[in-house]
Amino acid sequence: MTGTLCLKAVGKDFTRGWEQVRALEDIDLEVARGSFVCVVGASGSGKSTLLSLIAGLSRPTTGEVLLDGVPVAGPGPDRGMVFQTGAVYPWRTVERNVAFGLELLPLSRGERAARVDHYLAATGLTGLRHALPRQLSGGQRQRVAIARALACEPEVLLLDEPFGALDVQTKEDMQLFIRRLWHECGTTVIMVTHDVEEAVFLGQRVITLASNPGRVAADVTVPLPGERDLTVKRDAAFLGVRAEIEDLVRLYHHQA
Amino acid sequence: MSVLTEGGPEPAGSPGGPGTAGPLAAADAASRESPPAAGDPSAAHLDLTGDTAAADGAAVAVHAGTGAGAAAFAPLPRRQPPRRVPRVFAIRTPIPRPSRLALTALSVLVPLALWQLLSTVIDGRPDYLPSPAQAWAAGLDLARDGLLLGDTVASIRRVLLGFGLAVAVSVPLGIAMGAFQAGRAAFEPVIGLLRYLPASAFIPLLALWLGIDEMSKVALLFLGTVFFNTLMTADAVRRIPGALVDVSYTLGARRGEVLRKVVIPHSLPGILDAIRVNAAAAWNFVVVAELFAAEEGLGYRIVRSQRFNQIDRIFAVLVVIALIGLTIDIALRLLRDRVGRWTS
């Protein structure tokens, strides 16, 4: 199947001291092109490990990760990644951060600039293009990281707790922002979060991981319309799904 | 009242049970006709809803007393608030500009005054401890003869050669050690060992191997700074956050590009810090190197002045050495601040 991300019986072991620790076990997952999938789970359930396997930053111990049927062999710009801390280059201005991936490609100066302009505008950063990261707020920094990843036109955008360090109001702004961006770009988004409300609000699907070892405990399709605004968070359907998933996360948290 | 009676009987056997509820019993007596039955845990709650002042006071006491295991302790002693201190003595607090300038001026003027005082006490023996004015005059003398300029140029040239060579070797080596575990494993033990060998101890060997002219002096400077600068560079490089490297790979960068476009720019301010610290060491070593078998240079001028008992000249040269060192330091700090403008 083209345009699909596919995890087949993926497992991951770590060595901690003399011990072998199983972080993930037997993960089977298929993510259709253009969908928005959220992954939740207690800490230690291997959520971030899962993303890093998809990104190709680490290799699965067993099984394989396939993108468009091709095994993922390492990190690449077709799978953009945004970390919780943003990991923007502090010595580069906003526009040069966004340009980073494009500088590695054989593009003319004009084309690169045009693409940078486009993604700066799409993320509302045009006015801040000459600012350094230390002059930005946490939310703005995350926008830079997202714009930088999107500029490489990834098949899949991987978000690792991207709004975890933001205050509640900024977080809601960013949730609306990422949903709008997803509608505009049509990129597949896989987002790891510990915030179940956020997962249900953003995701078409919410995957709950169980801990020790990490495995898929539930895969819930969110019964909400595609167009969502913040009032959805008060809907009965929303609250129902949210409660159901929160109970699951709590259950596995206490078992861990 | 009835709501509480139904809703919240305290679980039997909790730490704040009837056995320990001393203040509560008094409140009970005040607001109730008959004392509560011993062992009835809900009785404690009953009276908390009473609207008398006494009952309210009891409520506070109960909450303090029955909170998670706190009942066993006497109240925590509170310390007197600390004495107020002037801002100048507060930790990491900005001080007024006049205070800062005054302190800076004092840090130069006090040693200078002590020098003047000491030279007066020792009773005008310029061959023992000249006064600042005498040192100044001797300095002018040296400058007029053109000796000061020649010596300064000779010393600076040796520093540029020796320390420049050390930087050229230690920065790439340090980057390799900081960026690659293998580089660290291969070089850190031996460099960590070598840096504890005092460079001055190599002077006889260097004279033997390289002769007594420029080569051995440059080599001493090199040996004295290269190991420290390597280890400090490696430390600066190692401080790069892993996420910054990871995210670069996900943006399509190859290993060499990550090194060139991410690792090195990120560690540049730290590398310049290391260079600044070790430039001071280099400036020290050049004087040491010139104490033996030199024909010019600031260190040589000191030895020569001693031979002719021109102590005022020694002091003049010492002041020049200090001032040039300070200039190098300030120049490198300005460069570092410019390069590291992005650090907060």
# chains A, B, ... in the order shown; residues from 1 in each chain; ligands from 1
$ select_by_dssp --residues "range 19-136 of chain A" --states "alpha helix (DSSP H)" --output "PyMOL selection string"
chain A and resi 47-55+94-98+100-103+109-122
$ residues_around --residues "Gly34 in chain A" --least-positions-apart "2" --cutoff "6 Å" --atoms "only C-alpha atoms" --output "number ranges by chain"
A: 186-188
$ closest_residue --among "B:Ala274, B:Ile212, B:Ile240, B:Val85" --to "chain A" --atoms "only C-alpha atoms"
B:Ile240
$ closest_atom_pairs --of "chain A" --to "chain B" --cutoff "10 Å" --atoms "only C-alpha atoms" --output "tab-separated table"
residue	atom	partner	partner_atom	distance
A:Ser52	CA	B:Asp246	CA	9.4
A:Ala55	CA	B:Thr250	CA	6.9
A:Gly56	CA	B:Thr250	CA	8.2
A:Leu57	CA	B:Asp246	CA	7.0
A:Gly74	CA	B:Tyr249	CA	8.7
A:Pro75	CA	B:Thr250	CA	5.0
A:Gly76	CA	B:Thr250	CA	4.7
A:Pro77	CA	B:Leu251	CA	4.6
A:Asp78	CA	B:Thr250	CA	8.0
A:Arg79	CA	B:Thr250	CA	6.6
A:Gly80	CA	B:Thr250	CA	5.8
A:Met81	CA	B:Thr250	CA	6.3
A:Val82	CA	B:Val247	CA	7.5
A:Phe83	CA	B:Ala243	CA	7.3
A:Gln84	CA	B:Ala243	CA	9.4
A:Thr85	CA	B:Ala243	CA	8.2
A:Gly86	CA	B:Ala243	CA	8.5
A:Ala87	CA	B:Leu244	CA	5.2
A:Val88	CA	B:Leu244	CA	7.1
A:Tyr89	CA	B:Leu244	CA	7.1
A:Pro90	CA	B:Trp342	CA	6.1
A:Trp91	CA	B:Trp342	CA	5.1
A:Arg92	CA	B:Trp342	CA	8.0
A:Thr93	CA	B:Trp342	CA	9.1
A:Phe100	CA	B:Leu251	CA	7.5
A:Gly101	CA	B:Leu251	CA	5.0
A:Leu102	CA	B:Leu251	CA	8.6
A:Glu103	CA	B:Ala253	CA	9.5
A:Leu104	CA	B:Ala253	CA	6.8
A:Leu105	CA	B:Gly252	CA	8.9
A:Leu132	CA	B:Trp342	CA	6.8
A:Pro133	CA	B:Trp342	CA	8.0
A:Arg134	CA	B:Ser344	CA	6.6
A:Gln135	CA	B:Ser344	CA	9.1
A:Ala145	CA	B:Val247	CA	9.3
A:Arg148	CA	B:Leu251	CA	8.1
A:Ala149	CA	B:Leu251	CA	6.7
A:Leu150	CA	B:Leu251	CA	9.6
A:Ala151	CA	B:Leu251	CA	9.2
A:Cys152	CA	B:Leu251	CA	6.9
A:Pro154	CA	B:Leu251	CA	9.2
$ residues_around --residues "Ser35 in chain A" --least-positions-apart "6" --cutoff "10 Å" --atoms "only C-alpha atoms" --output "number ranges by chain"
A: 4, 156, 182-183, 186-190, 203-205
$ write_last_selection --atoms "N, CA and C atoms" --output "PDB file, in the first residue's frame"
ATOM      1  N   THR A   4       1.467   4.671   3.197  1.00  0.00           N
ATOM      2  CA  THR A   4       1.068   4.158   4.494  1.00  0.00           C
ATOM      3  C   THR A   4       2.296   3.858   5.339  1.00  0.00           C
ATOM      4  N   VAL A 156       5.499  11.975   6.771  1.00  0.00           N
ATOM      5  CA  VAL A 156       4.958  11.808   8.108  1.00  0.00           C
ATOM      6  C   VAL A 156       5.595  12.852   9.018  1.00  0.00           C
ATOM      7  N   TRP A 182      -2.468  20.840   9.703  1.00  0.00           N
ATOM      8  CA  TRP A 182      -2.665  19.472   9.207  1.00  0.00           C
ATOM      9  C   TRP A 182      -3.691  19.481   8.070  1.00  0.00           C
ATOM     10  N   HIS A 183      -4.768  20.265   8.251  1.00  0.00           N
ATOM     11  CA  HIS A 183      -5.768  20.383   7.190  1.00  0.00           C
ATOM     12  C   HIS A 183      -5.153  20.944   5.925  1.00  0.00           C
ATOM     13  N   GLY A 186      -2.025  18.311   4.714  1.00  0.00           N
ATOM     14  CA  GLY A 186      -2.417  16.945   4.406  1.00  0.00           C
ATOM     15  C   GLY A 186      -1.364  15.908   4.772  1.00  0.00           C
ATOM     16  N   THR A 187      -0.371  16.310   5.569  1.00  0.00           N
ATOM     17  CA  THR A 187       0.661  15.372   5.994  1.00  0.00           C
ATOM     18  C   THR A 187       0.097  14.410   7.033  1.00  0.00           C
ATOM     19  N   THR A 188       0.616  13.215   7.043  1.00  0.00           N
ATOM     20  CA  THR A 188       0.295  12.291   8.122  1.00  0.00           C
ATOM     21  C   THR A 188       0.949  12.814   9.403  1.00  0.00           C
ATOM     22  N   VAL A 189       0.191  12.824  10.506  1.00  0.00           N
ATOM     23  CA  VAL A 189       0.760  13.292  11.762  1.00  0.00           C
ATOM     24  C   VAL A 189       0.649  12.190  12.802  1.00  0.00           C
ATOM     25  N   ILE A 190       1.752  11.873  13.448  1.00  0.00           N
ATOM     26  CA  ILE A 190       1.721  10.967  14.593  1.00  0.00           C
ATOM     27  C   ILE A 190       2.256  11.743  15.782  1.00  0.00           C
ATOM     28  N   GLY A 203      -6.586  13.932  17.627  1.00  0.00           N
ATOM     29  CA  GLY A 203      -6.428  12.723  16.830  1.00  0.00           C
ATOM     30  C   GLY A 203      -7.714  12.233  16.199  1.00  0.00           C
ATOM     31  N   GLN A 204      -7.578  11.598  15.040  1.00  0.00           N
ATOM     32  CA  GLN A 204      -8.704  10.827  14.509  1.00  0.00           C
ATOM     33  C   GLN A 204      -8.723   9.463  15.192  1.00  0.00           C
ATOM     34  N   ARG A 205      -7.523   9.073  15.586  1.00  0.00           N
ATOM     35  CA  ARG A 205      -7.367   7.801  16.298  1.00  0.00           C
ATOM     36  C   ARG A 205      -6.486   8.066  17.503  1.00  0.00           C
TER      37      ARG A 205
END
$ residues_around --residues "Val320 in chain B" --least-positions-apart "5" --cutoff "12 Å" --atoms "only C-alpha atoms" --output "list of chain:residue names"
B:Ala135, B:Trp136, B:Ala138, B:Gly139, B:Leu140, B:Leu142, B:Ala143, B:Leu148, B:Leu149, B:Asp151, B:Thr152, B:Ser155, B:Trp283, B:Val287, B:Gly297, B:Leu298, B:Gly299, B:Arg301, B:Ile302, B:Arg313, B:Ile314, B:Phe315, B:Gly325, B:Leu326, B:Thr327
$ atom_distance --atom1 "CA of Val94 in chain A" --atom2 "CA of Ala131 in chain A"
5.8 Å
$ select_by_dssp --residues "range 138-236 of chain A" --states "strand (DSSP E or B)" --output "list in words"
Val156, Leu157, Leu158, Leu159, Asp160, Thr188, Val189, Ile190, Met191, Val192, Arg205, Val206, Ile207, Thr208, Leu209, Ala210, Gly214, Arg215, Val216, Ala217, Ala218, Asp219, Val220 and Thr221 of chain A
$ atom_distance --atom1 "CA of Val31 in chain A" --atom2 "CA of Leu5 in chain A"
5.1 Å
$ atom_distance --atom1 "CA of Tyr128 in chain B" --atom2 "CA of Val286 in chain B"
25.3 Å
$ closest_residue --among "A:Val40, A:Leu7, A:Val65, A:Val144" --to "Ala217 in chain A" --atoms "only C-alpha atoms"
A:Val40
$ decode --residues "range 244-255 of chain A" --atoms "N, CA, C and O atoms" --output "tab-separated table (two decimals), in the first residue's frame"
chain	number	residue	atom	x	y	z
A	244	GLU	N	-12.83	7.21	28.93
A	244	GLU	CA	-12.51	5.82	28.64
A	244	GLU	C	-10.99	5.64	28.51
A	244	GLU	O	-10.40	4.72	29.10
A	245	ILE	N	-10.37	6.54	27.78
A	245	ILE	CA	-8.93	6.41	27.57
A	245	ILE	C	-8.15	6.74	28.84
A	245	ILE	O	-7.16	6.08	29.17
A	246	GLU	N	-8.64	7.74	29.57
A	246	GLU	CA	-7.95	8.10	30.82
A	246	GLU	C	-7.96	6.92	31.80
A	246	GLU	O	-6.96	6.66	32.48
A	247	ASP	N	-9.09	6.21	31.83
A	247	ASP	CA	-9.16	5.05	32.72
A	247	ASP	C	-8.12	4.00	32.31
A	247	ASP	O	-7.46	3.40	33.15
A	248	LEU	N	-8.01	3.80	31.00
A	248	LEU	CA	-7.04	2.81	30.50
A	248	LEU	C	-5.61	3.21	30.89
A	248	LEU	O	-4.84	2.39	31.39
A	249	VAL	N	-5.29	4.48	30.66
A	249	VAL	CA	-3.93	4.95	30.96
A	249	VAL	C	-3.65	4.75	32.44
A	249	VAL	O	-2.58	4.29	32.85
A	250	ARG	N	-4.63	5.14	33.26
A	250	ARG	CA	-4.47	5.03	34.71
A	250	ARG	C	-4.27	3.57	35.12
A	250	ARG	O	-3.40	3.26	35.92
A	251	LEU	N	-5.04	2.70	34.53
A	251	LEU	CA	-4.95	1.28	34.84
A	251	LEU	C	-3.53	0.78	34.59
A	251	LEU	O	-2.92	0.15	35.46
A	252	TYR	N	-2.98	1.10	33.42
A	252	TYR	CA	-1.66	0.58	33.10
A	252	TYR	C	-0.57	1.31	33.88
A	252	TYR	O	0.49	0.78	34.12
A	253	HIS	N	-0.86	2.55	34.26
A	253	HIS	CA	0.10	3.30	35.07
A	253	HIS	C	0.29	2.59	36.42
A	253	HIS	O	1.40	2.46	36.92
A	254	HIS	N	-0.82	2.14	37.01
A	254	HIS	CA	-0.72	1.52	38.33
A	254	HIS	C	-0.19	0.10	38.26
A	254	HIS	O	0.35	-0.41	39.23
A	255	GLN	N	-0.33	-0.51	37.09
A	255	GLN	CA	0.24	-1.85	36.95
A	255	GLN	C	1.76	-1.79	36.78
A	255	GLN	O	2.45	-2.75	37.06
